[in-house]
$ cat query-v5.cif   # mmCIF, C-alpha atoms
data_upload
loop_
_atom_site.group_PDB
_atom_site.id
_atom_site.type_symbol
_atom_site.label_atom_id
_atom_site.label_comp_id
_atom_site.auth_asym_id
_atom_site.auth_seq_id
_atom_site.Cartn_x
_atom_site.Cartn_y
_atom_site.Cartn_z
ATOM 1 C CA MET Z 52 101.677 89.110 137.126
ATOM 2 C CA ARG Z 53 101.310 91.874 134.556
ATOM 3 C CA PRO Z 54 97.929 92.607 132.963
ATOM 4 C CA ILE Z 55 96.975 90.813 129.767
ATOM 5 C CA LEU Z 56 97.642 93.226 126.908
ATOM 6 C CA VAL Z 57 95.001 93.438 124.190
ATOM 7 C CA GLY Z 58 95.640 95.221 120.906
ATOM 8 C CA ALA Z 59 92.938 97.090 119.010
ATOM 9 C CA VAL Z 60 92.985 99.281 115.912
ATOM 10 C CA ILE Z 61 91.561 102.782 116.268
ATOM 11 C CA TYR Z 62 89.236 103.138 113.283
ATOM 12 C CA ASP Z 63 86.888 105.483 115.171
ATOM 13 C CA PRO Z 64 87.193 107.514 118.416
ATOM 14 C CA LYS Z 65 84.615 105.235 120.043
ATOM 15 C CA VAL Z 66 87.158 102.383 120.074
ATOM 16 C CA ALA Z 67 88.970 103.973 123.030
ATOM 17 C CA VAL Z 68 85.682 104.315 124.921
ATOM 18 C CA ILE Z 69 84.717 100.705 124.211
ATOM 19 C CA TRP Z 70 87.999 99.320 125.480
ATOM 20 C CA ASP Z 71 88.048 101.514 128.562
ATOM 21 C CA ILE Z 72 84.703 99.959 129.544
ATOM 22 C CA ILE Z 73 85.882 96.422 128.774
ATOM 23 C CA ALA Z 74 89.131 96.875 130.704
ATOM 24 C CA GLY Z 75 87.207 98.171 133.712
ATOM 25 C CA PHE Z 76 85.006 95.071 133.687
ATOM 26 C CA PHE Z 77 87.969 92.699 133.425
ATOM 27 C CA ASN Z 78 89.820 94.402 136.245
ATOM 28 C CA ALA Z 79 86.726 94.153 138.450
ATOM 29 C CA GLN Z 80 86.548 90.426 137.692
ATOM 30 C CA GLY Z 81 90.087 89.803 138.888
ATOM 31 C CA CYS Z 82 91.530 89.404 135.403
ATOM 32 C CA PRO Z 83 93.644 92.535 134.913
ATOM 33 C CA MET Z 84 94.045 93.693 131.330
ATOM 34 C CA ASP Z 85 95.142 96.779 129.491
ATOM 35 C CA CYS Z 86 94.849 97.977 125.886
ATOM 36 C CA VAL Z 87 97.401 98.952 123.289
ATOM 37 C CA PHE Z 88 96.037 100.902 120.334
ATOM 38 C CA TYR Z 89 97.334 100.790 116.776
ATOM 39 C CA THR Z 90 96.662 102.867 113.693
ATOM 40 C CA ASN Z 91 96.631 99.858 111.364
ATOM 41 C CA TYR Z 92 96.373 96.082 111.408
ATOM 42 C CA GLY Z 93 99.835 95.470 109.966
ATOM 43 C CA LEU Z 94 101.435 96.986 113.056
ATOM 44 C CA GLN Z 95 99.081 95.047 115.308
ATOM 45 C CA VAL Z 96 99.957 91.711 113.705
ATOM 46 C CA ASP Z 97 103.656 92.607 114.031
ATOM 47 C CA ALA Z 98 103.127 93.273 117.736
ATOM 48 C CA LEU Z 99 101.200 90.050 118.330
ATOM 49 C CA LEU Z 100 103.782 87.846 116.659
ATOM 50 C CA ALA Z 101 106.641 89.650 118.431
ATOM 51 C CA GLY Z 102 104.962 89.107 121.813
ATOM 52 C CA HIS Z 103 104.436 92.809 122.516
ATOM 53 C CA ILE Z 104 100.724 92.158 123.032
ATOM 54 C CA ASP Z 105 98.993 88.976 124.167
ATOM 55 C CA ILE Z 106 95.692 89.196 122.281
ATOM 56 C CA ALA Z 107 94.823 91.019 119.069
ATOM 57 C CA TRP Z 108 91.306 92.129 118.150
ATOM 58 C CA ASN Z 109 91.890 91.252 114.513
ATOM 59 C CA SER Z 110 90.038 91.942 111.314
ATOM 60 C CA PRO Z 111 89.495 88.837 109.148
ATOM 61 C CA LEU Z 112 92.363 89.914 106.896
ATOM 62 C CA ALA Z 113 94.628 90.430 109.921
ATOM 63 C CA TRP Z 114 93.694 86.916 111.099
ATOM 64 C CA VAL Z 115 94.674 85.481 107.707
ATOM 65 C CA ASP Z 116 97.912 87.494 107.811
ATOM 66 C CA ALA Z 117 98.745 86.290 111.328
ATOM 67 C CA GLN Z 118 98.185 82.679 110.304
ATOM 68 C CA ARG Z 119 100.221 83.136 107.143
ATOM 69 C CA ARG Z 120 103.129 84.563 109.114
ATOM 70 C CA SER Z 121 102.980 82.064 111.995
ATOM 71 C CA ASP Z 122 102.686 78.827 109.992
ATOM 72 C CA ASP Z 123 99.035 78.525 111.037
ATOM 73 C CA THR Z 124 99.822 78.388 114.745
ATOM 74 C CA CYS Z 125 97.667 81.275 116.015
ATOM 75 C CA LEU Z 126 94.330 80.601 117.714
ATOM 76 C CA ALA Z 127 91.005 82.419 117.420
ATOM 77 C CA ILE Z 128 89.606 82.462 120.944
ATOM 78 C CA ALA Z 129 86.476 84.635 120.701
ATOM 79 C CA MET Z 130 84.335 86.764 118.399
ATOM 80 C CA ARG Z 131 81.051 88.684 118.303
ATOM 81 C CA ASP Z 132 77.783 87.004 117.418
ATOM 82 C CA THR Z 133 77.634 89.450 114.499
ATOM 83 C CA ASP Z 134 81.027 88.275 113.194
ATOM 84 C CA ARG Z 135 79.538 84.962 112.109
ATOM 85 C CA ASP Z 136 77.986 84.255 108.716
ATOM 86 C CA ARG Z 137 78.281 87.690 107.176
ATOM 87 C CA ARG Z 138 77.732 88.234 103.456
ATOM 88 C CA THR Z 139 78.545 90.880 100.882
ATOM 89 C CA HIS Z 140 75.869 92.022 98.458
ATOM 90 C CA LEU Z 141 76.467 93.276 94.949
ATOM 91 C CA LEU Z 142 73.891 96.007 94.529
ATOM 92 C CA VAL Z 143 72.532 97.412 91.253
ATOM 93 C CA ARG Z 144 69.899 99.967 90.335
ATOM 94 C CA ALA Z 145 66.487 98.370 90.058
ATOM 95 C CA ASP Z 146 65.781 100.194 86.791
ATOM 96 C CA GLY Z 147 69.320 99.846 85.446
ATOM 97 C CA PRO Z 148 70.777 97.757 82.637
ATOM 98 C CA VAL Z 149 72.180 94.954 84.834
ATOM 99 C CA GLY Z 150 69.742 92.079 85.111
ATOM 100 C CA ILE Z 151 72.124 89.176 85.778
ATOM 101 C CA VAL Z 152 75.752 88.968 86.862
ATOM 102 C CA GLY Z 153 76.901 88.425 83.294
ATOM 103 C CA ASP Z 154 75.563 91.872 82.391
ATOM 104 C CA LEU Z 155 78.452 93.395 84.375
ATOM 105 C CA ARG Z 156 80.772 92.711 81.448
ATOM 106 C CA GLY Z 157 82.074 96.003 80.164
ATOM 107 C CA ARG Z 158 80.603 97.906 83.104
ATOM 108 C CA VAL Z 159 81.872 99.585 86.296
ATOM 109 C CA VAL Z 160 81.826 97.929 89.735
ATOM 110 C CA ALA Z 161 82.397 100.205 92.762
ATOM 111 C CA LEU Z 162 84.330 98.668 95.638
ATOM 112 C CA GLY Z 163 85.635 99.794 99.014
ATOM 113 C CA ALA Z 164 89.244 100.057 100.175
ATOM 114 C CA MET Z 165 91.878 97.833 98.602
ATOM 115 C CA ASP Z 166 92.317 95.908 101.888
ATOM 116 C CA SER Z 167 88.629 95.520 102.726
ATOM 117 C CA PRO Z 168 87.654 91.839 102.854
ATOM 118 C CA GLN Z 169 83.933 92.500 102.552
ATOM 119 C CA ALA Z 170 84.006 95.355 100.033
ATOM 120 C CA THR Z 171 86.888 94.347 97.740
ATOM 121 C CA LEU Z 172 88.643 91.014 98.248
ATOM 122 C CA LEU Z 173 85.582 88.798 98.668
ATOM 123 C CA PRO Z 174 83.376 90.387 95.976
ATOM 124 C CA ILE Z 175 86.250 90.132 93.474
ATOM 125 C CA HIS Z 176 86.654 86.491 94.507
ATOM 126 C CA ARG Z 177 82.931 85.937 93.997
ATOM 127 C CA LEU Z 178 82.901 87.530 90.544
ATOM 128 C CA ASP Z 179 86.023 85.610 89.563
ATOM 129 C CA ASN Z 180 84.276 82.363 90.504
ATOM 130 C CA LEU Z 181 81.409 83.442 88.242
ATOM 131 C CA GLY Z 182 83.792 83.998 85.342
ATOM 132 C CA LEU Z 183 84.311 87.758 85.566
ATOM 133 C CA LYS Z 184 87.793 89.143 86.124
ATOM 134 C CA PRO Z 185 88.552 92.757 87.098
ATOM 135 C CA GLY Z 186 90.308 94.703 84.397
ATOM 136 C CA ARG Z 187 89.354 92.163 81.773
ATOM 137 C CA ASP Z 188 85.603 91.857 82.084
ATOM 138 C CA PHE Z 189 84.695 94.880 84.198
ATOM 139 C CA GLU Z 190 86.245 98.112 85.431
ATOM 140 C CA VAL Z 191 86.886 98.539 89.159
ATOM 141 C CA ARG Z 192 86.159 101.886 90.799
ATOM 142 C CA ARG Z 193 87.833 101.588 94.202
ATOM 143 C CA HIS Z 194 87.519 103.811 97.272
ATOM 144 C CA ASP Z 195 90.666 103.604 99.369
ATOM 145 C CA VAL Z 196 89.338 105.099 102.588
ATOM 146 C CA LEU Z 197 91.639 104.524 105.584
ATOM 147 C CA VAL Z 198 93.802 101.833 104.005
ATOM 148 C CA GLY Z 199 95.411 99.770 106.760
ATOM 149 C CA LYS Z 200 92.189 99.488 108.720
ATOM 150 C CA HIS Z 201 90.875 96.664 106.515
ATOM 151 C CA GLY Z 202 87.532 98.211 105.719
ATOM 152 C CA ASP Z 203 86.526 98.722 109.362
ATOM 153 C CA HIS Z 204 85.564 102.252 108.351
ATOM 154 C CA VAL Z 205 82.373 102.193 106.262
ATOM 155 C CA GLY Z 206 83.438 105.242 104.268
ATOM 156 C CA GLY Z 207 84.674 103.247 101.290
ATOM 157 C CA GLU Z 208 81.483 101.221 101.052
ATOM 158 C CA ARG Z 209 79.353 104.318 101.427
ATOM 159 C CA GLU Z 210 81.251 106.010 98.591
ATOM 160 C CA ALA Z 211 80.750 102.888 96.469
ATOM 161 C CA LEU Z 212 77.016 103.049 97.142
ATOM 162 C CA ASP Z 213 77.012 106.744 96.221
ATOM 163 C CA ASP Z 214 78.642 105.829 92.902
ATOM 164 C CA LEU Z 215 75.824 103.415 92.220
ATOM 165 C CA LEU Z 216 73.122 105.906 93.175
ATOM 166 C CA SER Z 217 74.652 108.655 91.024
ATOM 167 C CA GLY Z 218 75.160 106.407 88.025
ATOM 168 C CA THR Z 219 78.954 106.584 88.175
ATOM 169 C CA ALA Z 220 79.013 102.811 88.679
ATOM 170 C CA ASP Z 221 76.740 99.992 87.581
ATOM 171 C CA ALA Z 222 77.167 97.909 90.749
ATOM 172 C CA ALA Z 223 78.480 98.372 94.281
ATOM 173 C CA ALA Z 224 79.731 95.916 96.907
ATOM 174 C CA VAL Z 225 78.543 96.441 100.500
ATOM 175 C CA LEU Z 226 78.422 94.322 103.642
ATOM 176 C CA ASP Z 227 74.993 92.905 104.445
ATOM 177 C CA LEU Z 228 74.814 94.766 107.776
ATOM 178 C CA ASN Z 229 75.542 98.066 106.048
ATOM 179 C CA TRP Z 230 72.922 97.399 103.392
ATOM 180 C CA GLU Z 231 70.348 96.645 106.096
ATOM 181 C CA LEU Z 232 71.206 99.928 107.817
ATOM 182 C CA TRP Z 233 71.234 102.074 104.685
ATOM 183 C CA ARG Z 234 67.970 100.789 103.311
ATOM 184 C CA SER Z 235 66.265 101.298 106.672
ATOM 185 C CA ASP Z 236 67.599 104.784 107.426
ATOM 186 C CA GLY Z 237 66.813 106.240 104.009
ATOM 187 C CA THR Z 238 70.368 106.349 102.672
ATOM 188 C CA ALA Z 239 69.270 104.068 99.835
ATOM 189 C CA ASP Z 240 65.721 103.557 98.600
ATOM 190 C CA PRO Z 241 65.140 99.770 98.379
ATOM 191 C CA SER Z 242 62.684 100.399 95.554
ATOM 192 C CA ARG Z 243 65.546 101.902 93.528
ATOM 193 C CA VAL Z 244 68.351 99.514 94.518
ATOM 194 C CA ARG Z 245 68.284 95.726 94.544
ATOM 195 C CA VAL Z 246 70.632 92.872 95.362
ATOM 196 C CA LEU Z 247 72.102 91.333 92.216
ATOM 197 C CA ASP Z 248 74.239 88.668 93.870
ATOM 198 C CA THR Z 249 75.516 87.665 97.298
ATOM 199 C CA THR Z 250 78.727 86.019 98.435
ATOM 200 C CA THR Z 251 78.786 82.805 100.391
ATOM 201 C CA PRO Z 252 78.804 83.360 104.190
ATOM 202 C CA PHE Z 253 82.083 84.386 105.807
ATOM 203 C CA ASP Z 254 83.249 85.280 109.302
ATOM 204 C CA HIS Z 255 84.559 88.693 110.298
ATOM 205 C CA CYS Z 256 86.705 89.716 113.310
ATOM 206 C CA ASN Z 257 88.167 87.547 116.048
ATOM 207 C CA PHE Z 258 90.408 87.747 119.085
ATOM 208 C CA THR Z 259 93.702 86.145 118.070
ATOM 209 C CA VAL Z 260 96.439 84.767 120.313
ATOM 210 C CA ALA Z 261 99.850 83.454 119.333
ATOM 211 C CA SER Z 262 100.688 79.870 120.231
ATOM 212 C CA LYS Z 263 103.181 80.929 122.907
ATOM 213 C CA PHE Z 264 100.550 82.714 125.005
ATOM 214 C CA PRO Z 265 99.804 80.529 128.065
ATOM 215 C CA THR Z 266 96.645 78.489 127.532
ATOM 216 C CA ALA Z 267 95.400 79.025 131.101
ATOM 217 C CA ARG Z 268 95.570 82.814 130.759
ATOM 218 C CA ALA Z 269 93.842 82.730 127.377
ATOM 219 C CA GLU Z 270 91.069 80.566 128.809
ATOM 220 C CA GLN Z 271 90.629 82.850 131.829
ATOM 221 C CA TRP Z 272 90.408 85.943 129.623
ATOM 222 C CA THR Z 273 87.922 84.248 127.322
ATOM 223 C CA ARG Z 274 85.701 83.137 130.227
ATOM 224 C CA VAL Z 275 85.487 86.694 131.505
ATOM 225 C CA LEU Z 276 84.732 88.075 128.040
ATOM 226 C CA LEU Z 277 81.966 85.537 127.419
ATOM 227 C CA SER Z 278 80.394 86.401 130.768
ATOM 228 C CA MET Z 279 79.448 89.886 129.552
ATOM 229 C CA ASN Z 280 75.675 90.034 129.216
ATOM 230 C CA TYR Z 281 73.666 92.322 126.938
ATOM 231 C CA ASP Z 282 70.810 92.285 129.459
ATOM 232 C CA ASN Z 283 73.108 93.986 131.957
ATOM 233 C CA PRO Z 284 72.733 97.775 131.521
ATOM 234 C CA ALA Z 285 76.392 98.205 132.475
ATOM 235 C CA HIS Z 286 77.392 96.182 129.416
ATOM 236 C CA ARG Z 287 74.696 97.134 126.919
ATOM 237 C CA ASP Z 288 75.975 100.537 125.782
ATOM 238 C CA MET Z 289 79.440 99.145 125.092
ATOM 239 C CA MET Z 290 78.030 96.142 123.238
ATOM 240 C CA ASP Z 291 75.815 98.409 121.149
ATOM 241 C CA MET Z 292 78.839 100.532 120.220
ATOM 242 C CA GLU Z 293 80.771 97.392 119.302
ATOM 243 C CA GLY Z 294 77.831 95.974 117.363
ATOM 244 C CA LEU Z 295 76.982 92.752 119.179
ATOM 245 C CA LYS Z 296 74.483 91.124 121.466
ATOM 246 C CA ALA Z 297 76.796 88.364 122.737
ATOM 247 C CA TRP Z 298 80.444 87.328 122.687
ATOM 248 C CA LEU Z 299 80.949 83.806 121.343
ATOM 249 C CA PRO Z 300 83.836 81.320 121.231
ATOM 250 C CA GLY Z 301 86.129 81.819 118.277
ATOM 251 C CA ARG Z 302 85.936 79.655 115.196
ATOM 252 C CA THR Z 303 87.983 79.532 111.996
ATOM 253 C CA SER Z 304 85.660 77.758 109.572
ATOM 254 C CA GLY Z 305 84.445 81.022 108.058
ATOM 255 C CA TYR Z 306 87.741 82.258 106.607
ATOM 256 C CA ALA Z 307 88.272 79.831 103.723
ATOM 257 C CA ALA Z 308 86.892 82.169 101.057
ATOM 258 C CA LEU Z 309 89.095 85.053 102.217
ATOM 259 C CA GLU Z 310 92.135 82.787 102.310
ATOM 260 C CA ALA Z 311 91.388 81.790 98.724
ATOM 261 C CA ALA Z 312 90.818 85.408 97.706
ATOM 262 C CA VAL Z 313 94.176 86.652 98.991
ATOM 263 C CA ARG Z 314 95.958 83.764 97.250
ATOM 264 C CA GLU Z 315 94.198 84.338 93.935
ATOM 265 C CA GLN Z 316 94.748 88.099 94.059
ATOM 266 C CA ASN Z 317 98.330 87.851 95.418
ATOM 267 C CA PHE Z 318 97.246 90.392 97.995
ATOM 268 C CA PHE Z 319 100.108 90.227 100.478
ATOM 269 C CA GLU Z 320 102.698 90.083 97.713
ATOM 270 C CA THR Z 321 101.410 93.114 95.836
ATOM 271 C CA ALA Z 322 99.399 95.337 98.190
ATOM 272 C CA GLY Z 323 102.284 96.822 100.125
ATOM 273 C CA VAL Z 324 100.180 97.161 103.297
#

$ encode --input "query-v5.cif" --output "structure tokens"
Amino acid sequence: MRPILVGAVIYDPKVAVIWDIIAGFFNAQGCPMDCVFYTNYGLQVDALLAGHIDIAWNSPLAWVDAQRRSDDTCLAIAMRDTDRDRRTHLLVRADGPVGIVGDLRGRVVALGAMDSPQATLLPIHRLDNLGLKPGRDFEVRRHDVLVGKHGDHVGGEREALDDLLSGTADAAAVLDLNWELWRSDGTADPSRVRVLDTTTPFDHCNFTVASKFPTARAEQWTRVLLSMNYDNPAHRDMMDMEGLKAWLPGRTSGYAALEAAVREQNFFETAGV
């Protein structure tokens, strides 16, 4: 029986290192697997639905795309502990003119890449729900860093934060984990920047399988993945690089807001990615 093929998008050179370690562990556990790397999530979703790979390590937007294109028949089998209940913050300068969300009317909001769920799609959805539409009520300053990688690269969010700090923008959208990092490492002074508003919780990446993938093989692969232990030094470095303390079973309850956002913004019809 051939190895289980797992697709992953290379957004950083460390991705190859991470998956080399994971594949070595799976092979040692008697569950042979190999990796196929892609430059963007569109190609990876194509490959999953065509059966060229068995499992896709999907961004939240790639998950929504896979479901959209498969009539909701794909399954989310696993995810990181840190993929659950994420939030995006809208940041403003503490001494700036924006006191409440309504003060963003007529001002500039810095966002990440056009296909970033956390730094573009979800914050626009949040502001729309609060009565503010881009182009009508506020100007968008977008940072299309590595389009196709769905905001996995933090460059767009970092540039949005820089806009806020320099005064080029009046607000910036960043993932909660990035905000925690940047306020702790000195990138942003928390006495100068504050959180104006926060999205409702959403889930991030998951391992996606198409419905035709044999259930027994998916369950075996998932069991092995979930057996990785952060307390094991052989696993810890990889898990630190991948940003988790534990692998968890997949769930799909945290994607409703993103599904609504792509519908409202006609993303797949107009983005061309």

$ residues_around --input "query-v5.cif" --residues "Z:Met292" --least-positions-apart "2" --cutoff "12 Å" --atoms "all atoms listed in the file" --output "PyMOL selection string"
chain Z and resi 63-70+72-73+281+286-290+294-296

$ atom_distance --input "query-v5.cif" --atom1 "atom CA of Z:Asp166" --atom2 "atom CA of Z:Phe318"
8.4 Å

$ atom_distance --input "query-v5.cif" --atom1 "atom CA of Z:Ala222" --atom2 "atom CA of Z:Leu309"
21.0 Å

$ resolve_selection --input "query-v5.cif" --expression "the PyMOL selection byres ((chain Z and resi 219) around 12)" --output "PyMOL selection string"
chain Z and resi 143-144+158-161+190-193+210-218+220-223

$ write_last_selection --input "query-v5.cif" --atoms "C-alpha atoms" --output "compact mmCIF listing (two decimals), in the frame of the given file"
# COMPACT_ATOMS: atom_id res chain seq x y z
CA VAL Z 143 72.53 97.41 91.25
CA ARG Z 144 69.90 99.97 90.34
CA ARG Z 158 80.60 97.91 83.10
CA VAL Z 159 81.87 99.58 86.30
CA VAL Z 160 81.83 97.93 89.74
CA ALA Z 161 82.40 100.20 92.76
CA GLU Z 190 86.24 98.11 85.43
CA VAL Z 191 86.89 98.54 89.16
CA ARG Z 192 86.16 101.89 90.80
CA ARG Z 193 87.83 101.59 94.20
CA GLU Z 210 81.25 106.01 98.59
CA ALA Z 211 80.75 102.89 96.47
CA LEU Z 212 77.02 103.05 97.14
CA ASP Z 213 77.01 106.74 96.22
CA ASP Z 214 78.64 105.83 92.90
CA LEU Z 215 75.82 103.42 92.22
CA LEU Z 216 73.12 105.91 93.18
CA SER Z 217 74.65 108.66 91.02
CA GLY Z 218 75.16 106.41 88.02
CA ALA Z 220 79.01 102.81 88.68
CA ASP Z 221 76.74 99.99 87.58
CA ALA Z 222 77.17 97.91 90.75
CA ALA Z 223 78.48 98.37 94.28

$ resolve_selection --input "query-v5.cif" --expression "the PyMOL selection byres ((chain Z and resi 126) around 12)" --output "ChimeraX atom specification"
/Z:99-100,105-109,114-115,117-118,121-125,127-130,257-266,269-270,300-303

$ closest_residue --input "query-v5.cif" --among "Z:Pro111, Z:Gly81, Z:Pro148, Z:Gly206" --to "Z:Arg135" --atoms "only C-alpha atoms"
Z:Pro111

$ atom_distance --input "query-v5.cif" --atom1 "atom CA of Z:Asn280" --atom2 "atom CA of Z:Arg234"
29.1 Å

$ closest_residue --input "query-v5.cif" --among "Z:Val275, Z:Leu173, Z:Leu228, Z:Ala74" --to "Z:Val313" --atoms "only C-alpha atoms"
Z:Leu173

$ residues_around --input "query-v5.cif" --residues "Z:Ala170" --least-positions-apart "2" --cutoff "10 Å" --atoms "only C-alpha atoms" --output "list of chain:residue names"
Z:Thr139, Z:His140, Z:Leu141, Z:Ala161, Z:Leu162, Z:Gly163, Z:Ala164, Z:Met165, Z:Asp166, Z:Ser167, Z:Pro168, Z:Leu172, Z:Leu173, Z:Pro174, Z:Ile175, Z:Arg193, Z:His194, Z:His201, Z:Gly202, Z:Val205, Z:Gly207, Z:Glu208, Z:Ala211, Z:Ala223, Z:Ala224, Z:Val225, Z:Leu226

$ axis_aligned_box --input "query-v5.cif" --around "stretch 145-156 of chain Z" --padding-each-side "3 Å" --output "JSON"
{"center_x": 73.3, "center_y": 94.3, "center_z": 85.8, "size_x": 21.0, "size_y": 17.8, "size_z": 14.6}

$ closest_residue --input "query-v5.cif" --among "Z:Arg120, Z:Ser304, Z:Gln316, Z:Asp85" --to "Z:Pro185" --atoms "all atoms listed in the file"
Z:Gln316

$ residues_around --input "query-v5.cif" --residues "Z:Met52" --least-positions-apart "5" --cutoff "12 Å" --atoms "all atoms listed in the file" --output "JSON, numbers by chain"
{"Z": [81, 82, 83, 84, 268]}

$ closest_residue --input "query-v5.cif" --among "Z:Asp132, Z:Glu293, Z:Asp236, Z:Asp71" --to "Z:Leu277" --atoms "only C-alpha atoms"
Z:Asp132

$ resolve_selection --input "query-v5.cif" --expression "the PyMOL selection byres ((chain Z and resi 151) around 12)" --output "ChimeraX atom specification"
/Z:141-145,147-150,152-156,178,181,221-222,245-248

$ closest_residue --input "query-v5.cif" --among "Z:Phe189, Z:Trp272, Z:Tyr306, Z:Trp233" --to "Z:Pro252" --atoms "only C-alpha atoms"
Z:Tyr306

$ closest_residue --input "query-v5.cif" --among "Z:Arg209, Z:Gly186, Z:Thr321, Z:Cys256" --to "Z:Ala239" --atoms "all atoms listed in the file"
Z:Arg209

$ residues_around --input "query-v5.cif" --residues "Z:Thr251" --least-positions-apart "4" --cutoff "9 Å" --atoms "only C-alpha atoms" --output "VMD selection string"
chain Z and resid 136 to 139 177 308

$ residues_around --input "query-v5.cif" --residues "Z:Lys200" --least-positions-apart "2" --cutoff "10 Å" --atoms "all atoms listed in the file" --output "number ranges by chain"
Z: 60-62, 89-93, 110, 112-113, 164, 166-167, 196-198, 202-204, 324

$ build_atoms --input "query-v5.cif" --residues "stretch 165-185 of chain Z" --atoms "N, CA and C atoms" --output "tab-separated table (two decimals), in the coordinates of the input"
chain	number	residue	atom	x	y	z
Z	165	MET	N	91.14	98.94	99.19
Z	165	MET	CA	91.88	97.83	98.60
Z	165	MET	C	92.05	96.67	99.57
Z	166	ASP	N	92.09	96.96	100.90
Z	166	ASP	CA	92.32	95.91	101.89
Z	166	ASP	C	91.05	95.54	102.65
Z	167	SER	N	89.89	95.87	102.09
Z	167	SER	CA	88.63	95.52	102.73
Z	167	SER	C	88.20	94.12	102.30
Z	168	PRO	N	88.13	93.17	103.24
Z	168	PRO	CA	87.65	91.84	102.85
Z	168	PRO	C	86.25	91.87	102.27
Z	169	GLN	N	85.33	92.56	102.96
Z	169	GLN	CA	83.93	92.50	102.55
Z	169	GLN	C	83.62	93.34	101.32
Z	170	ALA	N	84.36	94.43	101.10
Z	170	ALA	CA	84.01	95.36	100.03
Z	170	ALA	C	84.93	95.30	98.83
Z	171	THR	N	85.99	94.48	98.88
Z	171	THR	CA	86.89	94.35	97.74
Z	171	THR	C	87.32	92.90	97.52
Z	172	LEU	N	88.04	92.32	98.48
Z	172	LEU	CA	88.64	91.01	98.25
Z	172	LEU	C	87.60	89.93	97.99
Z	173	LEU	N	86.58	89.86	98.82
Z	173	LEU	CA	85.58	88.80	98.67
Z	173	LEU	C	84.66	89.01	97.47
Z	174	PRO	N	84.18	90.23	97.19
Z	174	PRO	CA	83.38	90.39	95.98
Z	174	PRO	C	84.15	90.11	94.69
Z	175	ILE	N	85.45	90.48	94.65
Z	175	ILE	CA	86.25	90.13	93.47
Z	175	ILE	C	86.37	88.62	93.36
Z	176	HIS	N	86.58	87.96	94.49
Z	176	HIS	CA	86.65	86.49	94.51
Z	176	HIS	C	85.35	85.89	94.00
Z	177	ARG	N	84.24	86.43	94.44
Z	177	ARG	CA	82.93	85.94	94.00
Z	177	ARG	C	82.75	86.10	92.49
Z	178	LEU	N	83.06	87.28	91.98
Z	178	LEU	CA	82.90	87.53	90.54
Z	178	LEU	C	83.86	86.67	89.73
Z	179	ASP	N	85.06	86.48	90.25
Z	179	ASP	CA	86.02	85.61	89.56
Z	179	ASP	C	85.48	84.19	89.46
Z	180	ASN	N	84.87	83.71	90.53
Z	180	ASN	CA	84.28	82.36	90.50
Z	180	ASN	C	83.13	82.27	89.51
Z	181	LEU	N	82.51	83.41	89.21
Z	181	LEU	CA	81.41	83.44	88.24
Z	181	LEU	C	81.89	83.78	86.83
Z	182	GLY	N	83.22	83.82	86.67
Z	182	GLY	CA	83.79	84.00	85.34
Z	182	GLY	C	84.09	85.42	84.93
Z	183	LEU	N	84.06	86.36	85.88
Z	183	LEU	CA	84.31	87.76	85.57
Z	183	LEU	C	85.56	88.24	86.29
Z	184	LYS	N	86.54	88.69	85.53
Z	184	LYS	CA	87.79	89.14	86.12
Z	184	LYS	C	87.91	90.67	86.03
Z	185	PRO	N	88.37	91.30	87.14
Z	185	PRO	CA	88.55	92.76	87.10
Z	185	PRO	C	89.61	93.15	86.08
